[in-house]
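In what follows, a single structure is set out as C-alpha cells and then discussed.
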Amino acid sequence: MGAGMTTDLLLHGLDVVLVDLSAGKLDSARKEIIRSVRFAPLLLKTAPVMSEDEIVQKTLFTASLHDVHDCDFIVENVTEEWKAKERVYKVLDTIASPEVCFGMNTSCTSITMAGSLLSDPSRLVGVHFMNPVFLKPTVEVIRGYHTSVETIAQLDILLRQLGKGSIIVNDYPGFVSNRISHLFMNEAMYVVQDQVAEPEQVDAIFKKCFGHTLGPLETADLIGLDTVMHSLEVLFESYQDPKFRCCPLLRKMVYAGNLGRKSGKGFYEYVND
Amino acid sequence: METSVKDLTIAESVKEFILKNVRLSDIAEDEDLFDKGIVNSLFSIQLVTFIEKKFNIVVGIEDLDIGNFKSINAVNNFVQSKLATV
C-alpha cells in the first residue's frame, strides 16, 4: 500500500518520504513505483509524464523513520500488528512537529486505540485508501474519539490535492468497509473449505449475479491472505464475536506460504514479473 | 496476410502470459481483453511490463494507448512495429 500511495502522491506533484525497515521491500517498492508512474497515463489520461530520474528525485527511499520529521503530513501504513504500530507511533510522537497530523491507513485497527499512544491524540485520523490508490476516487475516513476538526481539515487538504473525495465515519474496528468485506471473504473461504463450491464458482456468483468487479476470493488474493488473516484476528479480538473467527483453510494457506497474488499462489495461481 | 514464425512467437508468448493470469483455457487473438472483462484495466500495466522484458523493447509515452494492448493481435502488431524500428 505504501508503494501505491507513493505513486498517487507523485502523480499529483508531491514529494514523498517512503520508509520501510526492509531494504528488500524498499527496492521492490521503488521498482513498482517507477513502473506504475511510467505507465499510469495508460489508465489515467490526466497523469503527468515523469522520467525515472524525476521519480527518484522526488522520493526519498529510507529505512529511517526519523527522515519523516520534515513532512507536512504523515501516513502510517504498517502491517496490521499492534506491536509494530505501537513502536512506530511512539517514535512518530517524538519526531514530528506539533502541528503535523497523522493519517492511519489501516484495515481494522481502532483509531482511538492508536491515538492513545500519542501525547496529542487529536492529531490522528484514520484514512483507508483502497488499491489501486491512483485509480480510486474516494477514501474511507475514520474519526477517532479524540480526532479534531482541524486534523480532518488537514487530511482534506491532502485528499483534495490527490483529487479524492471522502466518506467520514466513526471509529469501531474495521469501520464500515472491512467490518463487512472481511465477513464476505471469510465465509467465502468456509464455503470452499466445506466443498460447497470451487473458488471460481464463488467468485462468479459475486461477479455475474451481484455485479461486483471482483469476487471475495479474488479480492482476498489481491489484498494478501496474511493481511486478511491479521485483519480477521483484529476484528475477532476487538468484538469477541465468533462471526469473525478466522477460517481454518485461510490459516492453513497462510502457513503454507500461499499468500495470494504477491506469492504467486492463493486461491488462484499468478505469474509474477 | 501471411503469418511468419516470428508473428506466431509473439502472439503465442502474449497469449500464454495472459492465459496464465486469467484462468481461461483459450482466448481468440482478436478478442478485446478489456471490453469483454477478461482482464481489468490494471492488468495492462502488467502486460506492458511483460512486453518490455520479453521482447526487449522500450514502451514510450507515445505508445501508452490502450488500443495497442487491447487484444493479442493488437499487441502482436505493436511489438512488431517496435522491433522494426530497432
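Chain labels follow the order of the C-alpha cells: the first chain is A, the next B, and so on; residue numbering restarts at 1 in every chain, and ligands are counted from 1 in their shown order.
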
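Near chain A, the residues of chain B that fall inside 6 Å (using only C-alpha atoms) are B:Asn21, B:Leu64, B:Asp65.
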
Open item on the list: Taking the DSSP secondary structure from the backbone, can you list the residues of range 63-268 of chain A that are helix (DSSP H, G or I), as a PyMOL selection string?
Closed with: chain A and resi 65-70+82-95+111-115+121-123+133-135+149-161+177-193+199-209+216-223+225-239+242-244+248-255+261-263

- [ ] Quick one: everything within 12 Å of Val14 in chain B, counting only C-alpha atoms, minus sequence neighbours fewer than 5 positions away in the same chain. Send it as a PyMOL selection string.
- [x] chain B and resi 7-9+19-21+27-29+46-55+69-79

- [ ] Name all residues at most 10 Å from Val100 in chain A (count only C-alpha atoms; drop same-chain ones fewer than 2 positions away) and give them as a list in words.
- [x]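 Near Val100 in chain A, the qualifying residues are His69, Asp70, Cys71, Asp72, Phe73, Ile74, Ala96, Ser97, Pro98, Phe102, Arg123, Leu124, Thr151 and Gln154 of chain A.
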
Restricting it to C-alpha atoms, dump the selection as a CSV table (one decimal), in the first residue's frame.
```
chain,number,residue,atom,x,y,z
A,69,HIS,CA,10.4,14.8,10.6
A,70,ASP,CA,10.1,17.5,7.9
A,71,CYS,CA,6.9,16.1,6.3
A,72,ASP,CA,3.7,18.1,6.2
A,73,PHE,CA,1.5,15.1,6.7
A,74,ILE,CA,2.5,11.6,7.8
A,96,ALA,CA,7.1,15.1,14.2
A,97,SER,CA,6.4,18.8,14.7
A,98,PRO,CA,3.4,19.5,16.9
A,102,PHE,CA,-1.1,11.6,11.2
A,123,ARG,CA,-3.8,14.8,15.6
A,124,LEU,CA,-4.6,11.2,14.5
A,151,THR,CA,-6.9,17.2,11.7
A,154,GLN,CA,-5.6,18.9,7.1
```

Open item on the list: Ranking A:Ser119, A:Asp27, A:Val133, A:Leu232 by minimum distance to Leu10 in chain A and counting only C-alpha atoms, which one comes first?
Closed with: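 Closest residue, counting only C-alpha atoms: A:Val133.
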
Open item on the list: Rounded to one decimal, what separation in Å do you get between CA of Phe267 in chain A and CA of Arg30 in chain A?
Closed with: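 According to the coordinates, CA of Phe267 in chain A and CA of Arg30 in chain A are separated by 27.6 Å.
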
- [ ] Find, counting only C-alpha atoms, the residue in A:Gly224, A:Gly257, A:Gly211, A:Gly13 that gets nearest to Glu54 in chain A.
- [x]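 Closest to Glu54 in chain A, using only C-alpha atoms: A:Gly13.
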
Task: Polymer residues at most 10 Å from Pro248 in chain A, only C-alpha atoms, same-chain spacing of 2 or more positions, as a list in words - done: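 Everything that qualifies: Asn186, Met189, Tyr190, Gln193, Arg245, Cys246, Leu250, Arg251, Lys252, Met253 and Val254 of chain A.
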
Selection above as a file: N, CA and C atoms, as a PDB file, in the first residue's frame:
```pdb
ATOM      1  N   ASN A 186     -14.204 -14.217   4.528  1.00  0.00           N
ATOM      2  CA  ASN A 186     -14.041 -15.346   5.444  1.00  0.00           C
ATOM      3  C   ASN A 186     -15.077 -16.426   5.157  1.00  0.00           C
ATOM      4  N   MET A 189     -14.384 -18.426   2.127  1.00  0.00           N
ATOM      5  CA  MET A 189     -13.359 -19.444   2.371  1.00  0.00           C
ATOM      6  C   MET A 189     -13.966 -20.677   3.045  1.00  0.00           C
ATOM      7  N   TYR A 190     -14.913 -20.457   3.964  1.00  0.00           N
ATOM      8  CA  TYR A 190     -15.617 -21.588   4.588  1.00  0.00           C
ATOM      9  C   TYR A 190     -16.383 -22.388   3.533  1.00  0.00           C
ATOM     10  N   GLN A 193     -13.854 -24.427   1.844  1.00  0.00           N
ATOM     11  CA  GLN A 193     -13.387 -25.470   2.769  1.00  0.00           C
ATOM     12  C   GLN A 193     -14.427 -26.596   2.903  1.00  0.00           C
ATOM     13  N   ARG A 245     -14.430 -15.337  13.500  1.00  0.00           N
ATOM     14  CA  ARG A 245     -13.402 -16.391  13.670  1.00  0.00           C
ATOM     15  C   ARG A 245     -12.806 -16.708  12.301  1.00  0.00           C
ATOM     16  N   CYS A 246     -11.469 -16.804  12.312  1.00  0.00           N
ATOM     17  CA  CYS A 246     -10.734 -16.972  11.052  1.00  0.00           C
ATOM     18  C   CYS A 246     -10.921 -18.396  10.513  1.00  0.00           C
ATOM     19  N   LEU A 250      -8.008 -20.667   5.639  1.00  0.00           N
ATOM     20  CA  LEU A 250      -7.200 -19.450   5.447  1.00  0.00           C
ATOM     21  C   LEU A 250      -5.886 -19.577   6.224  1.00  0.00           C
ATOM     22  N   ARG A 251      -5.971 -20.002   7.483  1.00  0.00           N
ATOM     23  CA  ARG A 251      -4.744 -20.163   8.283  1.00  0.00           C
ATOM     24  C   ARG A 251      -3.791 -21.162   7.625  1.00  0.00           C
ATOM     25  N   LYS A 252      -4.354 -22.271   7.157  1.00  0.00           N
ATOM     26  CA  LYS A 252      -3.530 -23.315   6.551  1.00  0.00           C
ATOM     27  C   LYS A 252      -2.796 -22.758   5.321  1.00  0.00           C
ATOM     28  N   MET A 253      -3.516 -21.986   4.498  1.00  0.00           N
ATOM     29  CA  MET A 253      -2.900 -21.434   3.293  1.00  0.00           C
ATOM     30  C   MET A 253      -1.790 -20.441   3.649  1.00  0.00           C
ATOM     31  N   VAL A 254      -2.042 -19.630   4.660  1.00  0.00           N
ATOM     32  CA  VAL A 254      -1.029 -18.645   5.073  1.00  0.00           C
ATOM     33  C   VAL A 254       0.224 -19.365   5.584  1.00  0.00           C
TER      34      VAL A 254
END
```
